[in-house]
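Content type PDB, C-alpha atoms and all ligand atoms, from the file run-v8.pdb:
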```
MODEL        1
ATOM      1  CA  MET A 997      36.291 -20.100 -41.204
ATOM      2  CA  ARG A 998      34.759 -20.732 -37.755
ATOM      3  CA  GLN A 999      31.100 -21.521 -37.626
ATOM      4  CA  PHE A1000      28.745 -20.962 -34.686
ATOM      5  CA  PRO A1001      26.388 -23.840 -34.233
ATOM      6  CA  GLU A1002      22.834 -22.559 -34.458
ATOM      7  CA  ALA A1003      21.942 -23.653 -30.912
ATOM      8  CA  GLY A1004      24.896 -21.689 -29.592
ATOM      9  CA  LEU A1005      23.721 -18.552 -31.373
ATOM     10  CA  ARG A1006      20.254 -18.925 -29.926
ATOM     11  CA  ARG A1007      21.727 -19.254 -26.422
ATOM     12  CA  LEU A1008      23.842 -16.154 -26.960
ATOM     13  CA  ALA A1009      20.804 -14.208 -28.178
ATOM     14  CA  ARG A1010      18.778 -15.314 -25.142
ATOM     15  CA  TYR A1011      21.605 -14.295 -22.835
ATOM     16  CA  LEU A1012      21.897 -10.857 -24.428
ATOM     17  CA  VAL A1013      18.147 -10.235 -24.140
ATOM     18  CA  ALA A1014      18.125 -11.298 -20.480
ATOM     19  CA  ALA A1015      21.221  -9.230 -19.681
ATOM     20  CA  LEU A1016      19.714  -6.132 -21.289
ATOM     21  CA  ALA A1017      16.438  -6.592 -19.403
ATOM     22  CA  ALA A1018      18.295  -7.052 -16.114
ATOM     23  CA  THR A1019      20.303  -3.873 -16.718
ATOM     24  CA  ALA A1020      17.149  -1.894 -17.500
ATOM     25  CA  LEU A1021      15.388  -3.258 -14.391
ATOM     26  CA  GLY A1022      18.458  -2.664 -12.247
ATOM     27  CA  ALA A1023      18.649   0.943 -13.432
ATOM     28  CA  GLN A1024      14.948   1.450 -12.643
ATOM     29  CA  ALA A1025      15.337  -0.039  -9.158
ATOM     30  CA  GLN A1026      18.336   2.209  -8.535
ATOM     31  CA  GLU A1027      16.358   5.242  -9.686
ATOM     32  CA  ALA A1028      13.479   4.221  -7.363
ATOM     33  CA  ALA A1029      15.823   3.873  -4.389
ATOM     34  CA  LYS A1030      17.215   7.336  -5.139
ATOM     35  CA  ILE A1031      13.741   8.931  -5.354
ATOM     36  CA  ALA A1032      12.707   7.123  -2.164
ATOM     37  CA  GLU A1033      15.661   8.554  -0.294
ATOM     38  CA  THR A1034      15.510  12.100  -1.626
ATOM     39  CA  VAL A1035      11.774  12.698  -2.159
ATOM     40  CA  CYS A1036       9.778  10.259  -0.001
ATOM     41  CA  ALA A1037      12.004   9.750   3.064
ATOM     42  CA  PRO A1038      11.273  13.078   4.809
ATOM     43  CA  CYS A1039       7.674  11.955   5.357
ATOM     44  CA  HIS A1040       7.657   8.141   5.031
ATOM     45  CA  ALA A1041      11.195   7.469   6.436
ATOM     46  CA  PRO A1042      13.941   6.019   4.222
ATOM     47  CA  ASP A1043      12.557   2.462   4.404
ATOM     48  CA  GLY A1044       8.864   3.434   4.314
ATOM     49  CA  ASN A1045       8.317   2.932   8.055
ATOM     50  CA  SER A1046       7.058   6.435   8.806
ATOM     51  CA  VAL A1047       7.235   7.295  12.500
ATOM     52  CA  ILE A1048       4.704  10.123  12.162
ATOM     53  CA  PRO A1049       1.215   8.868  13.127
ATOM     54  CA  ASN A1050      -0.591  10.793  10.354
ATOM     55  CA  PHE A1051       1.833   9.621   7.656
ATOM     56  CA  PRO A1052       1.187   6.036   6.558
ATOM     57  CA  LYS A1053       3.765   3.291   6.713
ATOM     58  CA  ILE A1054       4.264   2.084   3.170
ATOM     59  CA  ALA A1055       6.994  -0.514   3.869
ATOM     60  CA  GLY A1056       5.733  -3.970   2.926
ATOM     61  CA  GLN A1057       2.557  -2.540   1.373
ATOM     62  CA  GLN A1058       1.175  -4.432  -1.621
ATOM     63  CA  PRO A1059       2.979  -3.072  -4.719
ATOM     64  CA  SER A1060      -0.241  -3.093  -6.781
ATOM     65  CA  TYR A1061      -1.905  -0.919  -4.125
ATOM     66  CA  ILE A1062       1.050   1.508  -3.878
ATOM     67  CA  ALA A1063       1.081   1.938  -7.654
ATOM     68  CA  LYS A1064      -2.690   2.551  -7.702
ATOM     69  CA  GLN A1065      -2.517   5.158  -4.939
ATOM     70  CA  LEU A1066       0.355   6.992  -6.654
ATOM     71  CA  ALA A1067      -1.622   7.083  -9.897
ATOM     72  CA  ASP A1068      -4.853   8.124  -8.116
ATOM     73  CA  ILE A1069      -3.142  10.882  -6.130
ATOM     74  CA  ALA A1070      -1.254  12.169  -9.184
ATOM     75  CA  ALA A1071      -4.541  12.272 -11.126
ATOM     76  CA  GLY A1072      -6.361  14.025  -8.267
ATOM     77  CA  LYS A1073      -8.732  11.073  -7.769
ATOM     78  CA  ARG A1074      -7.457  10.833  -4.198
ATOM     79  CA  LYS A1075      -6.880  14.218  -2.602
ATOM     80  CA  SER A1076      -3.644  14.669  -0.658
ATOM     81  CA  ASP A1077      -2.235  18.067   0.226
ATOM     82  CA  ALA A1078       1.051  16.414   1.228
ATOM     83  CA  MET A1079       1.480  13.998  -1.666
ATOM     84  CA  GLY A1080      -0.138  15.897  -4.511
ATOM     85  CA  PRO A1081       2.575  18.575  -4.909
ATOM     86  CA  THR A1082       5.281  15.968  -4.175
ATOM     87  CA  LEU A1083       4.220  13.706  -7.026
ATOM     88  CA  ALA A1084       4.366  16.575  -9.502
ATOM     89  CA  SER A1085       8.168  16.094  -9.371
ATOM     90  CA  VAL A1086       8.055  12.319  -9.940
ATOM     91  CA  LYS A1087       7.658  10.695 -13.368
ATOM     92  CA  PRO A1088       4.653   8.343 -13.603
ATOM     93  CA  SER A1089       6.985   5.881 -15.354
ATOM     94  CA  ASP A1090       8.806   5.527 -12.000
ATOM     95  CA  PHE A1091       5.639   4.620 -10.023
ATOM     96  CA  ALA A1092       5.922   0.859 -10.642
ATOM     97  CA  ALA A1093       9.567   0.732  -9.551
ATOM     98  CA  LEU A1094       8.778   2.834  -6.457
ATOM     99  CA  ALA A1095       5.912   0.465  -5.622
ATOM    100  CA  ALA A1096       8.185  -2.552  -5.981
ATOM    101  CA  TRP A1097      10.910  -0.889  -3.904
ATOM    102  CA  PHE A1098       8.698   0.075  -0.940
ATOM    103  CA  GLY A1099       6.753  -3.186  -1.213
ATOM    104  CA  ALA A1100       9.994  -5.114  -0.721
ATOM    105  CA  GLN A1101      10.875  -3.301   2.539
ATOM    106  CA  LYS A1102      10.057  -4.953   5.858
ATOM    107  CA  GLN A1103       7.238  -3.343   7.816
ATOM    108  CA  ALA A1104       8.080  -2.310  11.397
ATOM    109  CA  PRO A1105       5.492  -3.655  13.860
ATOM    110  CA  GLY A1106       2.771  -1.320  15.160
ATOM    111  CA  LYS A1107       1.838  -0.846  18.803
ATOM    112  CA  VAL A1108      -1.519  -1.459  20.479
ATOM    113  CA  GLU A1109      -2.298   1.437  22.812
ATOM    114  CA  ASP A1110      -5.711   0.330  24.076
ATOM    115  CA  ALA A1111      -5.945  -3.428  24.625
ATOM    116  CA  ALA A1112      -9.660  -3.369  25.532
ATOM    117  CA  ALA A1113     -10.548  -1.560  22.315
ATOM    118  CA  ALA A1114      -8.336  -3.948  20.319
ATOM    119  CA  LYS A1115     -10.382  -6.862  21.709
ATOM    120  CA  VAL A1116     -13.607  -5.294  20.409
ATOM    121  CA  GLY A1117     -11.861  -4.552  17.133
ATOM    122  CA  GLU A1118     -10.750  -8.154  16.731
ATOM    123  CA  ARG A1119     -14.362  -9.384  16.609
ATOM    124  CA  LEU A1120     -15.275  -6.815  13.999
ATOM    125  CA  PHE A1121     -12.178  -7.586  11.947
ATOM    126  CA  LYS A1122     -12.774 -11.336  11.915
ATOM    127  CA  ASP A1123     -16.586 -11.552  11.937
ATOM    128  CA  GLY A1124     -17.926  -8.133  10.916
ATOM    129  CA  ASN A1125     -21.158  -6.878  12.493
ATOM    130  CA  GLU A1126     -24.149  -8.833  11.278
ATOM    131  CA  ALA A1127     -26.681  -6.467  12.864
ATOM    132  CA  THR A1128     -25.442  -3.474  10.864
ATOM    133  CA  GLY A1129     -24.334  -5.353   7.757
ATOM    134  CA  VAL A1130     -20.577  -4.811   8.215
ATOM    135  CA  PRO A1131     -18.628  -7.563   6.445
ATOM    136  CA  ALA A1132     -15.540  -9.099   8.036
ATOM    137  CA  CYS A1133     -12.482  -7.031   7.170
ATOM    138  CA  ALA A1134     -10.489 -10.278   7.022
ATOM    139  CA  GLY A1135     -12.585 -11.346   4.022
ATOM    140  CA  CYS A1136     -10.771  -8.852   1.805
ATOM    141  CA  HIS A1137      -7.689  -7.786   3.793
ATOM    142  CA  MET A1138      -6.876 -11.376   4.858
ATOM    143  CA  VAL A1139      -6.885 -12.727   8.398
ATOM    144  CA  ASN A1140      -3.476 -11.254   9.300
ATOM    145  CA  GLY A1141      -4.234  -7.987   7.508
ATOM    146  CA  GLU A1142      -1.432  -8.453   4.961
ATOM    147  CA  GLY A1143      -3.796  -7.947   2.015
ATOM    148  CA  ASN A1144      -3.243  -9.342  -1.458
ATOM    149  CA  ASP A1145      -3.000  -8.189  -5.035
ATOM    150  CA  ARG A1146      -6.469  -6.562  -4.897
ATOM    151  CA  ASN A1147      -6.641  -5.338  -1.285
ATOM    152  CA  PRO A1148      -4.115  -3.305   0.692
ATOM    153  CA  ARG A1149      -2.133  -4.399   3.734
ATOM    154  CA  ILE A1150      -3.747  -2.785   6.770
ATOM    155  CA  SER A1151      -1.725  -4.563   9.485
ATOM    156  CA  GLY A1152       0.806  -2.709  11.638
ATOM    157  CA  GLN A1153      -0.463   0.688  10.473
ATOM    158  CA  HIS A1154      -0.552   3.843  12.626
ATOM    159  CA  GLN A1155      -3.952   4.102  14.332
ATOM    160  CA  ALA A1156      -4.305   7.818  13.585
ATOM    161  CA  TYR A1157      -3.808   7.259   9.855
ATOM    162  CA  ALA A1158      -6.146   4.245   9.670
ATOM    163  CA  VAL A1159      -8.899   6.070  11.589
ATOM    164  CA  LYS A1160      -8.617   9.110   9.332
ATOM    165  CA  GLU A1161      -8.827   7.045   6.142
ATOM    166  CA  ILE A1162     -11.889   5.090   7.283
ATOM    167  CA  LEU A1163     -13.593   8.341   8.380
ATOM    168  CA  ASP A1164     -12.736   9.818   4.963
ATOM    169  CA  PHE A1165     -14.302   6.821   3.214
ATOM    170  CA  LYS A1166     -17.347   7.222   5.493
ATOM    171  CA  SER A1167     -17.784  10.924   4.642
ATOM    172  CA  GLY A1168     -16.885  10.375   0.989
ATOM    173  CA  ALA A1169     -13.826  12.668   1.258
ATOM    174  CA  ARG A1170     -11.856   9.675  -0.031
ATOM    175  CA  ALA A1171     -13.661   8.137  -2.978
ATOM    176  CA  ASN A1172     -10.996   6.347  -5.016
ATOM    177  CA  ASP A1173     -12.136   2.839  -4.014
ATOM    178  CA  LYS A1174     -13.304   0.934  -7.074
ATOM    179  CA  GLY A1175     -16.954  -0.134  -6.823
ATOM    180  CA  ARG A1176     -17.343   1.886  -3.558
ATOM    181  CA  VAL A1177     -16.214  -1.240  -1.643
ATOM    182  CA  MET A1178     -14.628   0.618   1.267
ATOM    183  CA  ARG A1179     -17.183   3.437   1.335
ATOM    184  CA  VAL A1180     -20.003   0.910   1.743
ATOM    185  CA  VAL A1181     -18.133  -0.738   4.634
ATOM    186  CA  ALA A1182     -17.175   2.569   6.296
ATOM    187  CA  GLU A1183     -20.692   4.039   6.072
ATOM    188  CA  ARG A1184     -21.905   1.200   8.302
ATOM    189  CA  LEU A1185     -19.200   1.623  10.954
ATOM    190  CA  THR A1186     -19.621   3.772  14.064
ATOM    191  CA  GLU A1187     -16.764   6.009  15.169
ATOM    192  CA  ALA A1188     -16.189   3.754  18.187
ATOM    193  CA  GLU A1189     -15.957   0.714  15.921
ATOM    194  CA  ILE A1190     -13.474   2.518  13.657
ATOM    195  CA  LYS A1191     -11.216   3.345  16.611
ATOM    196  CA  ALA A1192     -11.496  -0.216  17.934
ATOM    197  CA  VAL A1193     -10.663  -1.901  14.647
ATOM    198  CA  ALA A1194      -7.721   0.490  14.080
ATOM    199  CA  GLU A1195      -6.323  -0.578  17.476
ATOM    200  CA  TYR A1196      -6.605  -4.238  16.533
ATOM    201  CA  MET A1197      -5.039  -3.741  13.073
ATOM    202  CA  ALA A1198      -2.061  -1.864  14.590
ATOM    203  CA  GLY A1199      -1.148  -4.992  16.527
ATOM    204  CA  LEU A1200      -1.342  -7.382  13.578
TER     205      LEU A1200
HETATM  206  C1  LIG B1301       5.235  15.924   2.548
HETATM  207  C2  LIG B1301       5.081  14.582   3.065
HETATM  208  C3  LIG B1301       5.047  13.442   2.049
HETATM  209  C4  LIG B1301       5.958  13.165   1.052
HETATM  210  C5  LIG B1301       7.191  13.942   0.665
HETATM  211  C6  LIG B1301       5.523  11.913   0.448
HETATM  212  N1  LIG B1301       4.379  11.473   1.068
HETATM  213 FE1  LIG B1301       3.337   9.812   0.577
HETATM  214  N2  LIG B1301       1.866  10.342   1.899
HETATM  215  C7  LIG B1301       1.923  11.407   2.774
HETATM  216  C8  LIG B1301       0.668  11.495   3.498
HETATM  217  C9  LIG B1301       0.334  12.506   4.589
HETATM  218  C10 LIG B1301      -0.140  10.447   3.011
HETATM  219  C11 LIG B1301      -1.566  10.101   3.413
HETATM  220  C12 LIG B1301      -2.546  10.816   2.525
HETATM  221  C13 LIG B1301      -2.834  12.161   3.068
HETATM  222  O1  LIG B1301      -3.369  12.257   4.183
HETATM  223  O2  LIG B1301      -2.504  13.163   2.416
HETATM  224  C14 LIG B1301       0.642   9.737   2.017
HETATM  225  C15 LIG B1301       0.200   8.628   1.317
HETATM  226  C16 LIG B1301       0.998   7.864   0.493
HETATM  227  C17 LIG B1301       0.600   6.610  -0.097
HETATM  228  C18 LIG B1301      -0.721   5.909   0.126
HETATM  229  C19 LIG B1301      -0.560   5.017   1.339
HETATM  230  C20 LIG B1301      -1.794   4.270   1.726
HETATM  231  O3  LIG B1301      -1.672   3.472   2.664
HETATM  232  O4  LIG B1301      -2.849   4.477   1.135
HETATM  233  C21 LIG B1301       1.658   6.146  -0.827
HETATM  234  C22 LIG B1301       1.722   4.857  -1.613
HETATM  235  C23 LIG B1301       2.708   7.130  -0.715
HETATM  236  N3  LIG B1301       2.290   8.160   0.094
HETATM  237  C24 LIG B1301       3.937   7.035  -1.347
HETATM  238  C25 LIG B1301       4.851   8.073  -1.399
HETATM  239  C26 LIG B1301       6.031   8.063  -2.236
HETATM  240  C27 LIG B1301       6.447   6.897  -3.127
HETATM  241  C28 LIG B1301       6.659   9.248  -2.040
HETATM  242  C29 LIG B1301       7.900   9.755  -2.730
HETATM  243  C30 LIG B1301       7.833   9.825  -4.176
HETATM  244  C31 LIG B1301       5.876  10.006  -1.068
HETATM  245  N4  LIG B1301       4.791   9.253  -0.720
HETATM  246  C32 LIG B1301       6.184  11.278  -0.603
HETATM  247  C33 LIG B1301       2.977  12.277   2.906
HETATM  248  C34 LIG B1301       4.060  12.366   2.050
HETATM  249  C1  LIG B1302     -15.015  -6.061  -0.109
HETATM  250  C2  LIG B1302     -13.637  -5.956   0.270
HETATM  251  C3  LIG B1302     -13.281  -5.127   1.510
HETATM  252  C4  LIG B1302     -13.779  -5.263   2.797
HETATM  253  C5  LIG B1302     -14.843  -6.227   3.299
HETATM  254  C6  LIG B1302     -13.048  -4.310   3.606
HETATM  255  N1  LIG B1302     -12.153  -3.615   2.830
HETATM  256 FE1  LIG B1302     -10.908  -2.128   3.450
HETATM  257  N2  LIG B1302     -10.301  -1.790   1.530
HETATM  258  C7  LIG B1302     -10.667  -2.549   0.448
HETATM  259  C8  LIG B1302     -10.035  -2.016  -0.745
HETATM  260  C9  LIG B1302     -10.159  -2.577  -2.158
HETATM  261  C10 LIG B1302      -9.291  -0.899  -0.332
HETATM  262  C11 LIG B1302      -8.423   0.030  -1.208
HETATM  263  C12 LIG B1302      -9.292   1.049  -1.934
HETATM  264  C13 LIG B1302      -8.462   1.905  -2.870
HETATM  265  O1  LIG B1302      -8.138   1.446  -3.936
HETATM  266  O2  LIG B1302      -8.077   3.010  -2.477
HETATM  267  C14 LIG B1302      -9.469  -0.796   1.117
HETATM  268  C15 LIG B1302      -8.867   0.182   1.926
HETATM  269  C16 LIG B1302      -8.901   0.173   3.305
HETATM  270  C17 LIG B1302      -8.159   1.067   4.156
HETATM  271  C18 LIG B1302      -7.199   2.160   3.699
HETATM  272  C19 LIG B1302      -5.794   1.591   3.627
HETATM  273  C20 LIG B1302      -4.755   2.635   3.439
HETATM  274  O3  LIG B1302      -3.564   2.283   3.586
HETATM  275  O4  LIG B1302      -5.068   3.790   3.164
HETATM  276  C21 LIG B1302      -8.455   0.739   5.447
HETATM  277  C22 LIG B1302      -7.889   1.377   6.699
HETATM  278  C23 LIG B1302      -9.413  -0.341   5.411
HETATM  279  N3  LIG B1302      -9.642  -0.661   4.096
HETATM  280  C24 LIG B1302      -9.962  -0.940   6.537
HETATM  281  C25 LIG B1302     -10.994  -1.888   6.484
HETATM  282  C26 LIG B1302     -11.685  -2.361   7.667
HETATM  283  C27 LIG B1302     -11.404  -1.921   9.074
HETATM  284  C28 LIG B1302     -12.634  -3.259   7.232
HETATM  285  C29 LIG B1302     -13.667  -4.023   8.052
HETATM  286  C30 LIG B1302     -14.523  -3.242   8.910
HETATM  287  C31 LIG B1302     -12.500  -3.341   5.775
HETATM  288  N4  LIG B1302     -11.485  -2.491   5.371
HETATM  289  C32 LIG B1302     -13.269  -4.142   4.964
HETATM  290  C33 LIG B1302     -11.511  -3.655   0.456
HETATM  291  C34 LIG B1302     -12.264  -4.084   1.552
ENDMDL
END
```
Please lay out the structure from this file as structure tokens.
Ligand code: HEC
Ligand code: HEC
Amino acid sequence: MRQFPEAGLRRLARYLVAALAATALGAQAQEAAKIAETVCAPCHAPDGNSVIPNFPKIAGQQPSYIAKQLADIAAGKRKSDAMGPTLASVKPSDFAALAAWFGAQKQAPGKVEDAAAAKVGERLFKDGNEATGVPACAGCHMVNGEGNDRNPRISGQHQAYAVKEILDFKSGARANDKGRVMRVVAERLTEAEIKAVAEYMAGL
């Protein structure tokens, strides 16, 4: 009778566990790619680089942020007439895979349309406005605007979308920021500053 050495059995068991996990993950990623193409692409483009100024680019966005927004929008904590009905057809168990899928896409660069405004925006982004108590955006969103696990990427974004979101934080129409962090910042910004900083961020 043949005998498996115990170490060999343990290796086989480890391999089987890893292979099963990889299959499950692969299936989830495939499902995410399918949802992205059929459900999300009409508005965000197949790779997440929306070409419509009011529709955000989500390619290369931080996966943790994408997952949070999907959950917030699905729960009605962030109002979206466009996304709300859409997410009713998507299973919350697919949110993480969708976040990973769009997060792994490469963001297409944005385009500065007003260089003078971008110059003003750069100062605000890097240094804030001490007189009005605006903190530097770079402090949370990082100096190149790529964000991190706790703060979204805001680089390369459409100006129109960025301006609308900051105005919504300012008016309180968007209130899904934990600890009011973005509302506090936005309340201290003037409309001219919001437009200027959006110009600068588009070029990052
Ligand atoms: C009908 C158009 C439409 C469809 C379809 C759509 N979205 Fe959106 N999405 C938007 C708009 C517009 C916004 C910005 C919020 C708003 O103004 O309503 C948005 C916002 C988002 C955000 C937040 C982005 C940010 O920077 O805060 C994420 C993430 C997102 N969508 C992911 C998805 C995913 C994933 C799908 C597919 C399951 C999808 N969207 C389908 C229009 C759409
Ligand atoms: C204390 C940290 C902090 C600072 C400082 C900060 N932000 Fe934010 N910002 C956040 C967080 C966190 C969010 C995401 C909130 C949520 O969960 O919806 C956010 C969201 C945003 C969004 C929406 C992104 C999207 O895709 O919808 C924009 C635009 C933005 N910030 C711009 C700015 C600008 C411009 C400044 C500087 C004037 C700034 N932020 C300063 C933490 C910060």
Review point. Neighbours of ligand LIG 1302 (chain B) within 6 Å, counting all atoms listed in the file, as a PyMOL selection string?
Key: chain A and resi 1121+1131-1133+1135-1136+1147-1148+1150+1158+1161-1162+1172-1173+1177-1178+1181+1193
Practice item. Could you give me, as a PyMOL selection string, every polymer residue with an atom at most 7 Å away from an atom of ligand LIG 1301 (chain B), counting all atoms listed in the file? Key: chain A and resi 1031-1032+1035-1040+1050-1054+1062-1063+1065-1066+1075-1079+1082-1083+1086+1094-1095
Exercise for review: Provide the atom CA of Leu1163 of chain A to atom CA of Gln1057 of chain A distance in Å, to one decimal place.
Suggested key: 20.7 Å
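Counting from atom CA of Arg1119 of chain A, the distance to atom CA of Ala1194 of chain A is 12.2 Å.
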Distance query Leu1200 of chain A at most 10 Å, all atoms listed in the file, self and fewer than 2 positions along chain excluded, as a short mmCIF file (atom, residue, chain, number, x, y, z; two decimals) with C-alpha atoms, in the coordinates of the input:
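What landed in result_16.cif:
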```cif
data_model
loop_
_atom_site.label_atom_id
_atom_site.label_comp_id
_atom_site.auth_asym_id
_atom_site.auth_seq_id
_atom_site.Cartn_x
_atom_site.Cartn_y
_atom_site.Cartn_z
CA PRO A 1105 5.49 -3.66 13.86
CA GLY A 1106 2.77 -1.32 15.16
CA LYS A 1107 1.84 -0.85 18.80
CA VAL A 1108 -1.52 -1.46 20.48
CA GLU A 1118 -10.75 -8.15 16.73
CA VAL A 1139 -6.88 -12.73 8.40
CA ASN A 1140 -3.48 -11.25 9.30
CA GLY A 1141 -4.23 -7.99 7.51
CA GLU A 1142 -1.43 -8.45 4.96
CA ILE A 1150 -3.75 -2.78 6.77
CA SER A 1151 -1.72 -4.56 9.48
CA GLY A 1152 0.81 -2.71 11.64
CA GLN A 1153 -0.46 0.69 10.47
CA GLU A 1195 -6.32 -0.58 17.48
CA TYR A 1196 -6.60 -4.24 16.53
CA MET A 1197 -5.04 -3.74 13.07
CA ALA A 1198 -2.06 -1.86 14.59
#
```
Check your understanding: Hey, can you pull every residue with an atom no more than 6 Å from (13.7, -2.8, -7.4), using only C-alpha atoms, and send it as number ranges by chain?
Key -> A: 1025, 1093, 1096-1097
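Considering all atoms listed in the file, the residue among A:Asp1145, A:Gly1080, A:Ala1092, A:Ala1182 positioned nearest to Val1130 of chain A is A:Ala1182.
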Check your understanding: For Thr1186 of chain A, which residue out of A:Val1159, A:Met1138, A:Ile1048, A:Ala1029 is the nearest one, using all atoms listed in the file?
Key -> A:Val1159
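In this model, the gap between atom CA of Gly1072 of chain A and atom CA of Asp1164 of chain A comes to 15.3 Å.
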Review point. Between A:Ala1009, A:Ala1112, A:Ala1104, A:Ala1023, which is the closest to Asp1043 of chain A once you count only C-alpha atoms?
Key: A:Ala1104
Review point. Of the candidates A:Val1013, A:Leu1005, A:Leu1021, A:Val1047, which shows the shortest atom-to-atom distance to His1154 of chain A, using all atoms listed in the file?
Key: A:Val1047
Point to revise | Residue nearest Ala1169 of chain A among A:Glu1027, A:Ser1060, A:Lys1073, A:Leu1012 (counting all atoms listed in the file) | key: A:Lys1073
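Nearest residue to Ala1028 of chain A among A:Gly1124, A:Pro1081, A:Pro1088, A:Gly1117 is A:Pro1088, counting all atoms listed in the file.
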